[in-house]
>>> print(open('model07.cif').read())   # mmCIF, C-alpha atoms
data_query
loop_
_atom_site.label_atom_id
_atom_site.label_comp_id
_atom_site.auth_asym_id
_atom_site.auth_seq_id
_atom_site.Cartn_x
_atom_site.Cartn_y
_atom_site.Cartn_z
CA MET A 280 67.33 207.13 161.19
CA SER A 281 64.55 206.30 163.55
CA ALA A 282 63.60 202.92 162.14
CA HIS A 283 63.69 201.39 165.57
CA ASN A 284 61.53 204.04 167.08
CA ASP A 285 58.72 201.77 168.05
CA HIS A 286 56.13 203.70 169.95
CA SER A 287 52.72 205.26 169.49
CA GLN A 288 50.71 205.40 166.27
CA ASP A 289 49.09 202.06 166.77
CA HIS A 290 46.12 202.77 164.58
CA SER A 291 46.70 202.59 160.80
CA HIS A 292 45.60 199.77 158.57
CA ASP A 293 46.41 197.61 155.65
CA HIS A 294 45.28 198.81 152.30
CA SER A 295 42.26 197.12 150.87
CA GLY A 296 41.45 199.42 148.04
CA HIS A 297 43.36 202.59 148.60
CA ASP A 298 46.89 203.76 148.27
CA ASN A 299 49.31 205.59 150.47
CA HIS A 300 47.26 208.57 151.38
CA HIS A 301 46.71 207.42 154.93
CA ASP A 302 48.73 206.92 158.07
CA HIS A 303 51.10 209.68 159.02
CA ASP A 304 52.69 209.86 155.64
CA HIS A 305 50.56 212.58 154.20
CA ASP A 306 52.38 215.79 153.52
CA HIS A 307 49.58 218.16 152.70
CA ALA A 308 49.54 221.43 154.59
CA HIS A 309 47.87 221.43 157.96
CA PRO A 310 46.28 224.58 159.30
CA HIS A 311 47.34 223.51 162.78
CA ALA A 312 50.52 222.44 164.48
CA PRO A 313 51.15 218.70 164.24
CA ILE A 314 49.40 216.83 167.01
CA GLU A 315 51.85 214.43 168.58
CA SER A 316 49.62 212.50 170.94
CA ALA A 317 47.77 209.60 169.38
CA ASP A 318 45.24 209.88 172.21
CA ASP A 319 44.21 213.48 171.63
CA PRO A 320 40.39 213.38 171.51
CA GLN A 321 40.34 216.52 169.33
CA ARG A 322 42.42 214.88 166.66
CA TYR A 323 40.74 214.81 163.25
CA GLU A 324 40.83 211.02 162.87
CA TYR A 325 39.33 210.52 166.32
CA VAL A 326 36.47 212.91 165.68
CA LEU A 327 35.82 211.31 162.30
CA GLU A 328 35.93 207.77 163.72
CA THR A 329 33.58 208.65 166.58
CA ALA A 330 31.10 210.33 164.24
CA ILE A 331 31.04 207.40 161.78
CA ARG A 332 30.88 204.78 164.53
CA GLU A 333 27.98 206.48 166.28
CA LEU A 334 26.12 206.92 163.02
CA LEU A 335 26.57 203.26 162.08
CA ILE A 336 25.28 202.14 165.47
CA GLU A 337 22.38 204.59 165.37
CA LYS A 338 21.34 203.39 161.93
CA GLY A 339 21.59 199.76 162.96
CA VAL A 340 24.40 198.88 160.54
CA LEU A 341 26.69 197.77 163.37
CA THR A 342 26.30 197.14 167.05
CA ALA A 343 28.62 198.33 169.79
CA ALA A 344 29.11 194.68 170.74
CA ALA A 345 30.26 193.80 167.21
CA ILE A 346 32.77 196.65 167.26
CA HIS A 347 34.14 195.56 170.64
CA ARG A 348 34.42 192.01 169.41
CA GLN A 349 36.48 193.18 166.44
CA ILE A 350 38.73 195.21 168.73
CA ASP A 351 39.21 192.15 170.96
CA LEU A 352 40.09 190.09 167.90
CA GLN A 353 42.65 192.68 166.80
CA ASP A 354 44.13 192.77 170.29
CA SER A 355 44.42 188.99 170.39
CA ARG A 356 46.76 189.09 167.43
CA THR A 357 50.34 189.51 168.54
CA PRO A 358 53.71 188.33 167.27
CA ALA A 359 53.33 185.39 169.68
CA VAL A 360 50.98 183.83 167.12
CA GLY A 361 53.59 184.03 164.37
CA ALA A 362 56.28 182.79 166.77
CA LYS A 363 54.29 179.60 167.44
CA VAL A 364 54.03 178.99 163.71
CA VAL A 365 57.79 179.45 163.28
CA ALA A 366 58.63 177.18 166.22
CA ARG A 367 56.41 174.43 164.86
CA ALA A 368 58.00 174.75 161.43
CA TRP A 369 61.40 174.33 163.07
CA THR A 370 60.39 171.18 164.92
CA ASP A 371 57.96 169.49 162.53
CA PRO A 372 59.22 169.03 158.95
CA ALA A 373 55.82 167.81 157.69
CA PHE A 374 54.16 170.94 159.08
CA LYS A 375 56.86 173.12 157.49
CA ALA A 376 56.28 171.53 154.09
CA ARG A 377 52.54 172.16 154.33
CA LEU A 378 53.14 175.67 155.67
CA ILE A 379 55.23 176.63 152.68
CA ALA A 380 52.89 174.96 150.18
CA ASP A 381 49.65 176.38 151.61
CA PRO A 382 50.40 178.85 154.39
CA LEU A 383 47.05 180.29 155.37
CA ASP A 384 44.99 177.09 155.36
CA THR A 385 47.73 175.22 157.19
CA ILE A 386 47.92 177.86 159.91
CA VAL A 387 44.15 178.20 160.26
CA ASP A 388 43.83 174.39 160.51
CA GLU A 389 46.64 173.87 162.93
CA PHE A 390 46.16 176.85 165.22
CA LYS A 391 42.39 177.41 164.86
CA LEU A 392 42.86 181.06 163.98
CA GLU A 393 39.98 183.31 163.13
CA ILE A 394 40.67 185.15 159.89
CA SER A 395 38.33 188.02 159.12
CA THR A 396 39.77 188.86 155.70
CA PRO A 397 40.97 185.96 153.61
CA LEU A 398 44.35 186.96 152.27
CA LYS A 399 47.01 185.19 150.31
CA LEU A 400 49.85 184.51 152.70
CA VAL A 401 53.37 183.66 151.55
CA VAL A 402 56.02 182.19 153.84
CA LEU A 403 59.53 183.28 152.91
CA GLU A 404 62.01 180.74 154.19
CA ASN A 405 65.45 182.01 155.12
CA THR A 406 68.29 179.66 154.24
CA PRO A 407 72.03 179.82 154.87
CA THR A 408 72.31 181.63 151.52
CA VAL A 409 69.14 183.76 151.34
CA HIS A 410 67.91 186.32 153.85
CA ASN A 411 64.40 187.70 153.35
CA VAL A 412 63.12 191.06 154.49
CA VAL A 413 59.62 192.43 153.98
CA VAL A 414 58.35 195.92 153.23
CA CYS A 415 55.28 197.55 151.75
CA THR A 416 56.53 200.56 149.82
CA LEU A 417 53.05 201.63 148.73
CA CYS A 418 51.40 201.60 152.15
CA SER A 419 51.64 199.33 155.19
CA CYS A 420 50.60 195.78 154.19
CA TYR A 421 51.48 193.44 157.02
CA PRO A 422 50.47 189.91 158.10
CA ARG A 423 48.31 191.15 160.96
CA MET A 424 46.68 187.81 161.59
CA LEU A 425 50.11 186.49 162.63
CA LEU A 426 51.96 189.55 163.91
CA GLY A 427 49.27 191.94 165.13
CA ILE A 428 49.54 195.65 164.55
CA PRO A 429 52.67 196.72 162.65
CA PRO A 430 55.32 198.75 164.47
CA ALA A 431 55.46 202.47 163.68
CA TRP A 432 58.82 202.12 161.93
CA TYR A 433 57.39 199.58 159.48
CA LYS A 434 54.94 202.24 158.30
CA SER A 435 57.49 205.06 158.25
CA ILE A 436 58.52 206.66 154.96
CA ASP A 437 62.08 206.21 156.14
CA TYR A 438 61.96 202.39 156.32
CA ARG A 439 59.69 201.98 153.31
CA SER A 440 61.81 204.08 150.99
CA ARG A 441 65.24 202.99 152.18
CA VAL A 442 64.97 199.23 152.61
CA VAL A 443 64.41 198.71 148.89
CA VAL A 444 67.38 200.91 147.93
CA GLU A 445 69.95 200.04 150.58
CA PRO A 446 68.66 196.99 152.44
CA ARG A 447 72.02 196.01 153.92
CA LYS A 448 72.50 199.43 155.43
CA VAL A 449 69.01 199.44 156.92
CA LEU A 450 69.48 195.91 158.26
CA ALA A 451 72.79 196.94 159.82
CA GLU A 452 70.96 199.73 161.64
CA PHE A 453 68.78 197.01 163.15
CA GLY A 454 71.96 195.21 164.18
CA THR A 455 71.68 192.65 161.39
CA VAL A 456 74.91 192.45 159.44
CA LEU A 457 74.99 189.85 156.71
CA SER A 458 77.86 188.38 154.73
CA PRO A 459 78.08 189.54 151.09
CA GLU A 460 77.70 185.88 150.09
CA VAL A 461 74.19 185.84 151.52
CA GLU A 462 71.60 187.09 149.04
CA VAL A 463 69.44 189.78 150.62
CA ARG A 464 66.00 189.38 149.08
CA VAL A 465 63.58 192.22 149.72
CA SER A 466 59.91 191.38 149.22
CA ASP A 467 57.78 194.42 148.48
CA SER A 468 54.16 193.50 149.20
CA THR A 469 52.82 195.71 146.49
CA ALA A 470 49.46 193.99 145.99
CA ASP A 471 47.35 191.21 147.53
CA LEU A 472 49.97 189.07 149.25
CA ARG A 473 51.15 189.18 152.85
CA TYR A 474 54.55 187.90 153.83
CA LEU A 475 55.90 186.10 156.86
CA VAL A 476 59.63 185.42 157.10
CA LEU A 477 60.54 181.99 158.44
CA PRO A 478 63.89 182.69 160.12
CA ASN A 479 66.75 180.22 160.36
CA ARG A 480 66.69 178.13 163.50
CA PRO A 481 69.68 179.19 165.58
CA ALA A 482 72.45 176.72 166.28
CA GLY A 483 72.58 175.19 169.74
CA THR A 484 68.80 174.95 170.14
CA GLU A 485 68.51 171.22 169.40
CA ALA A 486 67.46 170.41 172.95
CA MET A 487 64.72 173.06 173.10
CA ASN A 488 61.04 172.24 172.83
CA GLU A 489 58.52 174.11 170.70
CA GLU A 490 57.49 176.47 173.46
CA GLN A 491 61.07 177.39 174.32
CA LEU A 492 61.83 177.95 170.66
CA ALA A 493 58.77 180.17 170.19
CA ALA A 494 60.06 182.41 172.98
CA LEU A 495 63.18 183.10 170.88
CA VAL A 496 61.28 184.27 167.80
CA THR A 497 60.85 188.04 167.65
CA ARG A 498 58.51 190.14 165.58
CA ASP A 499 61.46 191.71 163.78
CA ALA A 500 62.81 188.27 162.86
CA MET A 501 59.49 187.51 161.17
CA ILE A 502 59.66 190.81 159.25
CA GLY A 503 63.26 190.04 158.39
CA THR A 504 65.02 192.97 160.01
CA ALA A 505 66.52 190.70 162.67
CA LEU A 506 67.89 187.19 163.02
CA VAL A 507 66.96 184.74 165.75
CA MET B 236 34.25 184.21 136.03
CA ASN B 237 34.15 184.74 132.32
CA THR B 238 36.30 181.87 131.14
CA SER B 239 36.22 182.84 127.47
CA SER B 240 38.13 186.06 128.13
CA ASP B 241 40.46 184.26 130.54
CA ALA B 242 41.44 181.80 127.83
CA LYS B 243 43.18 184.56 125.90
CA ILE B 244 45.65 185.08 128.70
CA ALA B 245 48.79 183.02 128.38
CA LEU B 246 50.13 182.10 131.77
CA LEU B 247 53.76 182.97 132.32
CA ALA B 248 55.93 180.10 133.48
CA ASP B 249 58.34 180.51 136.37
CA GLY B 250 61.59 181.95 135.09
CA THR B 251 59.99 183.85 132.19
CA PRO B 252 61.99 187.02 131.52
CA VAL B 253 59.78 190.08 131.77
CA ARG B 254 59.95 193.83 131.95
CA VAL B 255 57.60 196.04 133.94
CA LYS B 256 55.73 198.35 131.61
CA GLN B 257 56.61 201.98 131.56
CA LEU B 258 53.09 203.37 131.64
CA PRO B 259 51.87 206.79 132.65
CA PRO B 260 51.00 207.20 136.31
CA GLU B 261 47.71 205.78 137.45
CA ILE B 262 46.02 206.67 140.66
CA HIS B 263 46.00 203.21 142.14
CA CYS B 264 47.61 200.36 140.26
CA ARG B 265 49.91 198.80 142.87
CA THR B 266 52.86 198.91 140.47
CA PRO B 267 55.55 200.99 142.17
CA HIS B 268 57.27 203.63 140.10
CA TYR B 269 60.74 202.45 141.01
CA LEU B 270 60.16 199.18 139.12
CA ARG B 271 58.76 200.63 135.92
CA GLY B 272 60.87 199.70 132.92
CA VAL B 273 62.98 197.31 134.99
CA PRO B 274 63.68 193.79 133.67
CA GLY B 275 63.22 190.80 135.91
CA GLN B 276 61.86 187.30 135.85
CA VAL B 277 58.76 185.53 137.02
CA ASP B 278 59.42 183.86 140.34
CA ALA B 279 55.95 182.37 140.73
CA LEU B 280 52.31 182.88 139.93
CA ALA B 281 50.61 184.28 143.03
CA GLY B 282 47.00 183.86 141.98
CA ARG B 283 44.19 185.94 140.55
CA PHE B 284 42.95 189.09 142.17
CA ARG B 285 40.64 191.98 141.48
CA ASP B 286 42.17 194.76 139.43
CA PRO B 287 43.22 197.52 141.87
CA SER B 288 43.01 200.26 139.22
CA LEU B 289 39.27 199.48 138.87
CA LEU B 290 38.65 198.89 142.57
CA ALA B 291 40.01 202.38 143.15
CA PHE B 292 36.99 203.74 141.30
CA ASN B 293 34.52 201.65 143.27
CA LYS B 294 34.11 199.14 140.45
CA PRO B 295 34.08 195.38 141.05
CA GLY B 296 37.61 195.09 139.69
CA LEU B 297 36.69 192.47 137.10
CA PRO B 298 37.95 190.63 135.18
CA MET B 299 40.31 189.32 137.79
CA ARG B 300 43.94 189.60 136.85
CA TYR B 301 46.82 187.25 137.32
CA LEU B 302 49.35 188.46 139.82
CA TYR B 303 52.98 187.36 139.61
CA ARG B 304 55.83 187.46 142.05
CA VAL B 305 58.57 189.00 139.93
CA ARG B 306 62.19 188.93 140.96
CA PHE B 307 64.62 191.71 140.06
CA LYS B 308 68.33 192.08 140.52
CA GLN B 309 69.03 195.09 142.70
CA LYS B 310 71.66 196.22 140.18
CA ASP B 311 68.96 196.39 137.50
CA ILE B 312 66.77 198.61 139.66
CA TRP B 313 69.51 200.83 141.04
CA PRO B 314 72.62 201.02 138.81
CA ASP B 315 74.60 202.42 141.76
CA TYR B 316 73.49 199.65 144.11
CA ALA B 317 76.24 199.25 146.67
CA GLY B 318 75.24 195.94 148.29
CA SER B 319 76.17 192.47 147.07
CA PRO B 320 75.59 191.61 143.38
CA ALA B 321 73.61 188.61 144.70
CA ASP B 322 70.93 190.85 146.18
CA THR B 323 67.45 190.78 144.73
CA LEU B 324 63.99 192.24 145.20
CA VAL B 325 60.66 190.54 144.66
CA ALA B 326 57.45 192.47 144.04
CA ASP B 327 53.91 191.47 143.18
CA ILE B 328 53.08 192.72 139.69
CA PHE B 329 49.84 192.28 137.78
CA GLU B 330 49.94 190.60 134.36
CA HIS B 331 48.84 193.70 132.49
CA TRP B 332 51.92 195.52 133.76
CA LEU B 333 54.36 192.96 132.34
CA ASP B 334 55.92 192.63 128.90
CA VAL B 335 57.50 189.28 128.10
CA LEU B 336 61.10 189.60 126.93
CA LYS B 337 62.43 187.37 124.18
CA GLU B 338 65.79 186.88 125.81
CA PRO B 339 66.55 186.75 129.51
CA ALA B 340 68.02 190.04 130.71
CA HIS B 341 70.56 187.99 132.64
CA GLU B 342 71.44 184.38 133.07
CA ARG B 343 69.63 182.99 136.04
CA ALA B 344 72.05 182.61 138.91
#
>>> encode(input="model07.cif", output="structure tokens")
Amino acid sequence: MSAHNDHSQDHSHDHSGHDNHHDHDHDHAHPHAPIESADDPQRYEYVLETAIRELLIEKGVLTAAAIHRQIDLQDSRTPAVGAKVVARAWTDPAFKARLIADPLDTIVDEFKLEISTPLKLVVLENTPTVHNVVVCTLCSCYPRMLLGIPPAWYKSIDYRSRVVVEPRKVLAEFGTVLSPEVEVRVSDSTADLRYLVLPNRPAGTEAMNEEQLAALVTRDAMIGTALV
Amino acid sequence: MNTSSDAKIALLADGTPVRVKQLPPEIHCRTPHYLRGVPGQVDALAGRFRDPSLLAFNKPGLPMRYLYRVRFKQKDIWPDYAGSPADTLVADIFEHWLDVLKEPAHERA
């Protein structure tokens, strides 16, 4: 499978009132050959976006500056934000307790994040006996405020359909092989929650500081397809 | 919120055995087909949210509905599940998609 095929298709979105009829998952007939380049200015979505954006600006609903600001905000969100949260949870037990009890408020307080859409965030803590992995089978729900734009594989039909049926096999394809004694717990974000996996802190990192630890935490570890 | 209609809703405690309703397809209900008819148990109450099946039709989605994190055994979802018997799946299911079971489908591990 191509679950690790992590390029292009950086647009897409979370659902906020519609189902899985978006992204590249649609299978209705196209009168044209599939357009591979995400940057093709003739592409239907690009033409549609340009037309709507220009109309909204012309009618005074939005300003170009407001749109650019939103793009900057989106671009400022990367897995590095989530990695800082994980590293602090590893080093500060009081923070970890608050993080698990009240994830979003704790993160917003502590890291002064700007959240445009208030969402219910859930932190799934891995333990020596439970490994969490996250998927959105119905669309592409993802904790963007902490991890940025989801990778293409996360939105693929392949990952979304297989990880709920054969999670261990999919994890193994990511190089994550777990003992049968460890419970693999798949969380399907079917509705209004967003999930962040809090990975296990690796052994031998006792001497590391928060910044060094954050550098170890990968996006995939916070989705649950990898270990740290 | 209309508290009088809310009062009729009995909150499900953590660990309550439930089964996802086997209802006809709806356009947008956020209850995946692969979990319909599957027994599980309430892991935790997630909160109250607007009803997606009403939001889909540009309605306000009210009254708000309770949303539960429901945990399933993989073996109960997929009888041929080849992973460990310990493996589970958690999904977010709205209250109106859950039937409460009298007896737990399985002893809690």
>>> closest_atom_pairs(input="model07.cif", of="chain A", to="chain B", cutoff="10 Å", atoms="all atoms listed in the file", output="JSON lines")
{"residue": "A:Ser295", "atom": "CA", "partner": "B:Pro287", "partner_atom": "CA", "distance": 9.1}
{"residue": "A:Gly296", "atom": "CA", "partner": "B:Ala291", "partner_atom": "CA", "distance": 5.9}
{"residue": "A:His297", "atom": "CA", "partner": "B:Ala291", "partner_atom": "CA", "distance": 6.4}
{"residue": "A:Asp298", "atom": "CA", "partner": "B:His263", "partner_atom": "CA", "distance": 6.2}
{"residue": "A:Asn299", "atom": "CA", "partner": "B:His263", "partner_atom": "CA", "distance": 9.3}
{"residue": "A:Lys399", "atom": "CA", "partner": "B:Ala281", "partner_atom": "CA", "distance": 8.2}
{"residue": "A:Leu400", "atom": "CA", "partner": "B:Ala281", "partner_atom": "CA", "distance": 9.7}
{"residue": "A:Val401", "atom": "CA", "partner": "B:Ala281", "partner_atom": "CA", "distance": 9.0}
{"residue": "A:Thr408", "atom": "CA", "partner": "B:Ala321", "partner_atom": "CA", "distance": 9.8}
{"residue": "A:Val409", "atom": "CA", "partner": "B:Asp322", "partner_atom": "CA", "distance": 8.9}
{"residue": "A:His410", "atom": "CA", "partner": "B:Asp322", "partner_atom": "CA", "distance": 9.4}
{"residue": "A:Asn411", "atom": "CA", "partner": "B:Leu324", "partner_atom": "CA", "distance": 9.3}
{"residue": "A:Val412", "atom": "CA", "partner": "B:Leu324", "partner_atom": "CA", "distance": 9.4}
{"residue": "A:Val413", "atom": "CA", "partner": "B:Val325", "partner_atom": "CA", "distance": 9.6}
{"residue": "A:Val414", "atom": "CA", "partner": "B:Ala326", "partner_atom": "CA", "distance": 9.9}
{"residue": "A:Cys415", "atom": "CA", "partner": "B:Ala326", "partner_atom": "CA", "distance": 9.5}
{"residue": "A:Thr416", "atom": "CA", "partner": "B:Pro267", "partner_atom": "CA", "distance": 7.7}
{"residue": "A:Leu417", "atom": "CA", "partner": "B:Pro267", "partner_atom": "CA", "distance": 7.0}
{"residue": "A:Cys418", "atom": "CA", "partner": "B:Arg265", "partner_atom": "CA", "distance": 9.8}
{"residue": "A:Val443", "atom": "CA", "partner": "B:Leu324", "partner_atom": "CA", "distance": 7.5}
{"residue": "A:Val444", "atom": "CA", "partner": "B:Trp313", "partner_atom": "CA", "distance": 7.2}
{"residue": "A:Glu445", "atom": "CA", "partner": "B:Gly318", "partner_atom": "CA", "distance": 7.1}
{"residue": "A:Pro446", "atom": "CA", "partner": "B:Gly318", "partner_atom": "CA", "distance": 7.8}
{"residue": "A:Arg447", "atom": "CA", "partner": "B:Gly318", "partner_atom": "CA", "distance": 6.5}
{"residue": "A:Lys448", "atom": "CA", "partner": "B:Gly318", "partner_atom": "CA", "distance": 8.4}
{"residue": "A:Ser458", "atom": "CA", "partner": "B:Ser319", "partner_atom": "CA", "distance": 8.8}
{"residue": "A:Pro459", "atom": "CA", "partner": "B:Ser319", "partner_atom": "CA", "distance": 5.3}
{"residue": "A:Glu460", "atom": "CA", "partner": "B:Ala321", "partner_atom": "CA", "distance": 7.3}
{"residue": "A:Val461", "atom": "CA", "partner": "B:Ala321", "partner_atom": "CA", "distance": 7.4}
{"residue": "A:Glu462", "atom": "CA", "partner": "B:Asp322", "partner_atom": "CA", "distance": 4.8}
{"residue": "A:Val463", "atom": "CA", "partner": "B:Asp322", "partner_atom": "CA", "distance": 4.8}
{"residue": "A:Arg464", "atom": "CA", "partner": "B:Thr323", "partner_atom": "CA", "distance": 4.8}
{"residue": "A:Val465", "atom": "CA", "partner": "B:Leu324", "partner_atom": "CA", "distance": 4.5}
{"residue": "A:Ser466", "atom": "CA", "partner": "B:Val325", "partner_atom": "CA", "distance": 4.7}
{"residue": "A:Asp467", "atom": "CA", "partner": "B:Ala326", "partner_atom": "CA", "distance": 4.9}
{"residue": "A:Ser468", "atom": "CA", "partner": "B:Ala326", "partner_atom": "CA", "distance": 6.2}
{"residue": "A:Thr469", "atom": "CA", "partner": "B:Asp327", "partner_atom": "CA", "distance": 5.5}
{"residue": "A:Ala470", "atom": "CA", "partner": "B:Arg265", "partner_atom": "CA", "distance": 5.8}
{"residue": "A:Asp471", "atom": "CA", "partner": "B:Phe284", "partner_atom": "CA", "distance": 7.3}
{"residue": "A:Leu472", "atom": "CA", "partner": "B:Asp327", "partner_atom": "CA", "distance": 7.6}
>>> resolve_selection(input="model07.cif", expression="the PyMOL selection byres ((chain A and resi 377-382) around 10)", output="ChimeraX atom specification")
/A:364-365,367-368,372-376,383-387,389,399-404,474-475,477
>>> resolve_selection(input="model07.cif", expression="the PyMOL selection byres ((chain A and resi 356) around 8)", output="list of chain:residue names")
A:Leu352, A:Gln353, A:Asp354, A:Ser355, A:Thr357, A:Pro358, A:Ala359, A:Val360, A:Arg423, A:Met424, A:Leu425, A:Leu426, A:Gly427, A:Ile428
>>> atom_distance(input="model07.cif", atom1="CA of Arg480 in chain A", atom2="CA of Ser419 in chain A")
27.3 Å
>>> resolve_selection(input="model07.cif", expression="the PyMOL selection byres ((chain B and resi 248) around 9)", output="CSV table (one decimal) with C-alpha atoms, in the coordinates of the input")
chain,number,residue,atom,x,y,z
B,246,LEU,CA,50.1,182.1,131.8
B,247,LEU,CA,53.8,183.0,132.3
B,249,ASP,CA,58.3,180.5,136.4
B,250,GLY,CA,61.6,182.0,135.1
B,251,THR,CA,60.0,183.8,132.2
B,277,VAL,CA,58.8,185.5,137.0
B,278,ASP,CA,59.4,183.9,140.3
B,279,ALA,CA,56.0,182.4,140.7
B,280,LEU,CA,52.3,182.9,139.9
>>> atom_distance(input="model07.cif", atom1="CA of Asp334 in chain B", atom2="CA of Gly296 in chain B")
21.4 Å
>>> atom_distance(input="model07.cif", atom1="CA of Thr406 in chain A", atom2="CA of Asp311 in chain B")
23.7 Å
>>> axis_aligned_box(input="model07.cif", around="range 454-462 of chain A", padding_each_side="4 Å", output="AutoDock Vina command-line options")
--center_x 74.8 --center_y 190.5 --center_z 156.6 --size_x 14.5 --size_y 17.4 --size_z 23.1
>>> residues_around(input="model07.cif", residues="Val496 in chain A", least_positions_apart="4", cutoff="9 Å", atoms="only C-alpha atoms", output="JSON, numbers by chain")
{"A": [358, 359, 361, 362, 363, 365, 366, 478, 492, 500, 501, 506, 507]}
>>> residues_around(input="model07.cif", residues="Ala451 in chain A", least_positions_apart="6", cutoff="10 Å", atoms="only C-alpha atoms", output="list in words")
Leu457, Thr504 and Ala505 of chain A
>>> decode(input="model07.cif", residues="range 460-481 of chain A", atoms="N, CA and C atoms", output="PDB file, in the first residue's frame")
ATOM      1  N   GLU A 460       0.583  -8.764  23.374  1.00  0.00           N
ATOM      2  CA  GLU A 460       0.101  -8.412  24.726  1.00  0.00           C
ATOM      3  C   GLU A 460      -0.339  -6.953  24.813  1.00  0.00           C
ATOM      4  N   VAL A 461       0.171  -6.138  23.897  1.00  0.00           N
ATOM      5  CA  VAL A 461      -0.213  -4.725  23.901  1.00  0.00           C
ATOM      6  C   VAL A 461      -1.563  -4.597  23.201  1.00  0.00           C
ATOM      7  N   GLU A 462      -2.499  -3.931  23.852  1.00  0.00           N
ATOM      8  CA  GLU A 462      -3.800  -3.681  23.225  1.00  0.00           C
ATOM      9  C   GLU A 462      -3.638  -2.560  22.194  1.00  0.00           C
ATOM     10  N   VAL A 463      -3.992  -2.858  20.950  1.00  0.00           N
ATOM     11  CA  VAL A 463      -4.031  -1.801  19.940  1.00  0.00           C
ATOM     12  C   VAL A 463      -5.433  -1.201  19.982  1.00  0.00           C
ATOM     13  N   ARG A 464      -5.491   0.092  20.286  1.00  0.00           N
ATOM     14  CA  ARG A 464      -6.795   0.755  20.416  1.00  0.00           C
ATOM     15  C   ARG A 464      -6.910   1.815  19.322  1.00  0.00           C
ATOM     16  N   VAL A 465      -7.774   1.529  18.365  1.00  0.00           N
ATOM     17  CA  VAL A 465      -7.992   2.471  17.261  1.00  0.00           C
ATOM     18  C   VAL A 465      -9.060   3.466  17.685  1.00  0.00           C
ATOM     19  N   SER A 466      -8.799   4.752  17.546  1.00  0.00           N
ATOM     20  CA  SER A 466      -9.846   5.743  17.786  1.00  0.00           C
ATOM     21  C   SER A 466     -10.289   6.315  16.454  1.00  0.00           C
ATOM     22  N   ASP A 467     -11.569   6.112  16.163  1.00  0.00           N
ATOM     23  CA  ASP A 467     -12.152   6.624  14.923  1.00  0.00           C
ATOM     24  C   ASP A 467     -12.841   7.944  15.264  1.00  0.00           C
ATOM     25  N   SER A 468     -12.294   9.053  14.793  1.00  0.00           N
ATOM     26  CA  SER A 468     -12.916  10.346  15.143  1.00  0.00           C
ATOM     27  C   SER A 468     -14.103  10.597  14.239  1.00  0.00           C
ATOM     28  N   THR A 469     -15.191   9.933  14.609  1.00  0.00           N
ATOM     29  CA  THR A 469     -16.384   9.953  13.771  1.00  0.00           C
ATOM     30  C   THR A 469     -17.178  11.254  13.878  1.00  0.00           C
ATOM     31  N   ALA A 470     -17.003  12.001  14.986  1.00  0.00           N
ATOM     32  CA  ALA A 470     -17.884  13.164  15.163  1.00  0.00           C
ATOM     33  C   ALA A 470     -17.109  14.420  15.530  1.00  0.00           C
ATOM     34  N   ASP A 471     -17.316  14.960  16.725  1.00  0.00           N
ATOM     35  CA  ASP A 471     -16.823  16.298  17.050  1.00  0.00           C
ATOM     36  C   ASP A 471     -15.517  16.324  17.829  1.00  0.00           C
ATOM     37  N   LEU A 472     -14.892  15.187  18.034  1.00  0.00           N
ATOM     38  CA  LEU A 472     -13.662  15.163  18.809  1.00  0.00           C
ATOM     39  C   LEU A 472     -12.450  15.085  17.889  1.00  0.00           C
ATOM     40  N   ARG A 473     -11.334  15.615  18.388  1.00  0.00           N
ATOM     41  CA  ARG A 473     -10.061  15.479  17.686  1.00  0.00           C
ATOM     42  C   ARG A 473      -9.083  14.828  18.655  1.00  0.00           C
ATOM     43  N   TYR A 474      -8.259  13.948  18.117  1.00  0.00           N
ATOM     44  CA  TYR A 474      -7.397  13.143  18.970  1.00  0.00           C
ATOM     45  C   TYR A 474      -5.925  13.410  18.754  1.00  0.00           C
ATOM     46  N   LEU A 475      -5.206  13.477  19.883  1.00  0.00           N
ATOM     47  CA  LEU A 475      -3.750  13.553  19.850  1.00  0.00           C
ATOM     48  C   LEU A 475      -3.226  12.377  20.669  1.00  0.00           C
ATOM     49  N   VAL A 476      -2.336  11.601  20.085  1.00  0.00           N
ATOM     50  CA  VAL A 476      -1.729  10.497  20.832  1.00  0.00           C
ATOM     51  C   VAL A 476      -0.532  11.039  21.615  1.00  0.00           C
ATOM     52  N   LEU A 477      -0.498  10.710  22.893  1.00  0.00           N
ATOM     53  CA  LEU A 477       0.656  11.029  23.735  1.00  0.00           C
ATOM     54  C   LEU A 477       1.529   9.776  23.783  1.00  0.00           C
ATOM     55  N   PRO A 478       2.620   9.773  23.020  1.00  0.00           N
ATOM     56  CA  PRO A 478       3.421   8.540  22.929  1.00  0.00           C
ATOM     57  C   PRO A 478       4.150   8.250  24.243  1.00  0.00           C
ATOM     58  N   ASN A 479       4.643   7.025  24.358  1.00  0.00           N
ATOM     59  CA  ASN A 479       5.484   6.680  25.501  1.00  0.00           C
ATOM     60  C   ASN A 479       6.826   7.372  25.355  1.00  0.00           C
ATOM     61  N   ARG A 480       7.324   7.854  26.485  1.00  0.00           N
ATOM     62  CA  ARG A 480       8.675   8.454  26.460  1.00  0.00           C
ATOM     63  C   ARG A 480       9.697   7.337  26.324  1.00  0.00           C
ATOM     64  N   PRO A 481      10.595   7.452  25.344  1.00  0.00           N
ATOM     65  CA  PRO A 481      11.537   6.349  25.142  1.00  0.00           C
ATOM     66  C   PRO A 481      12.527   6.223  26.301  1.00  0.00           C
TER      67      PRO A 481
END
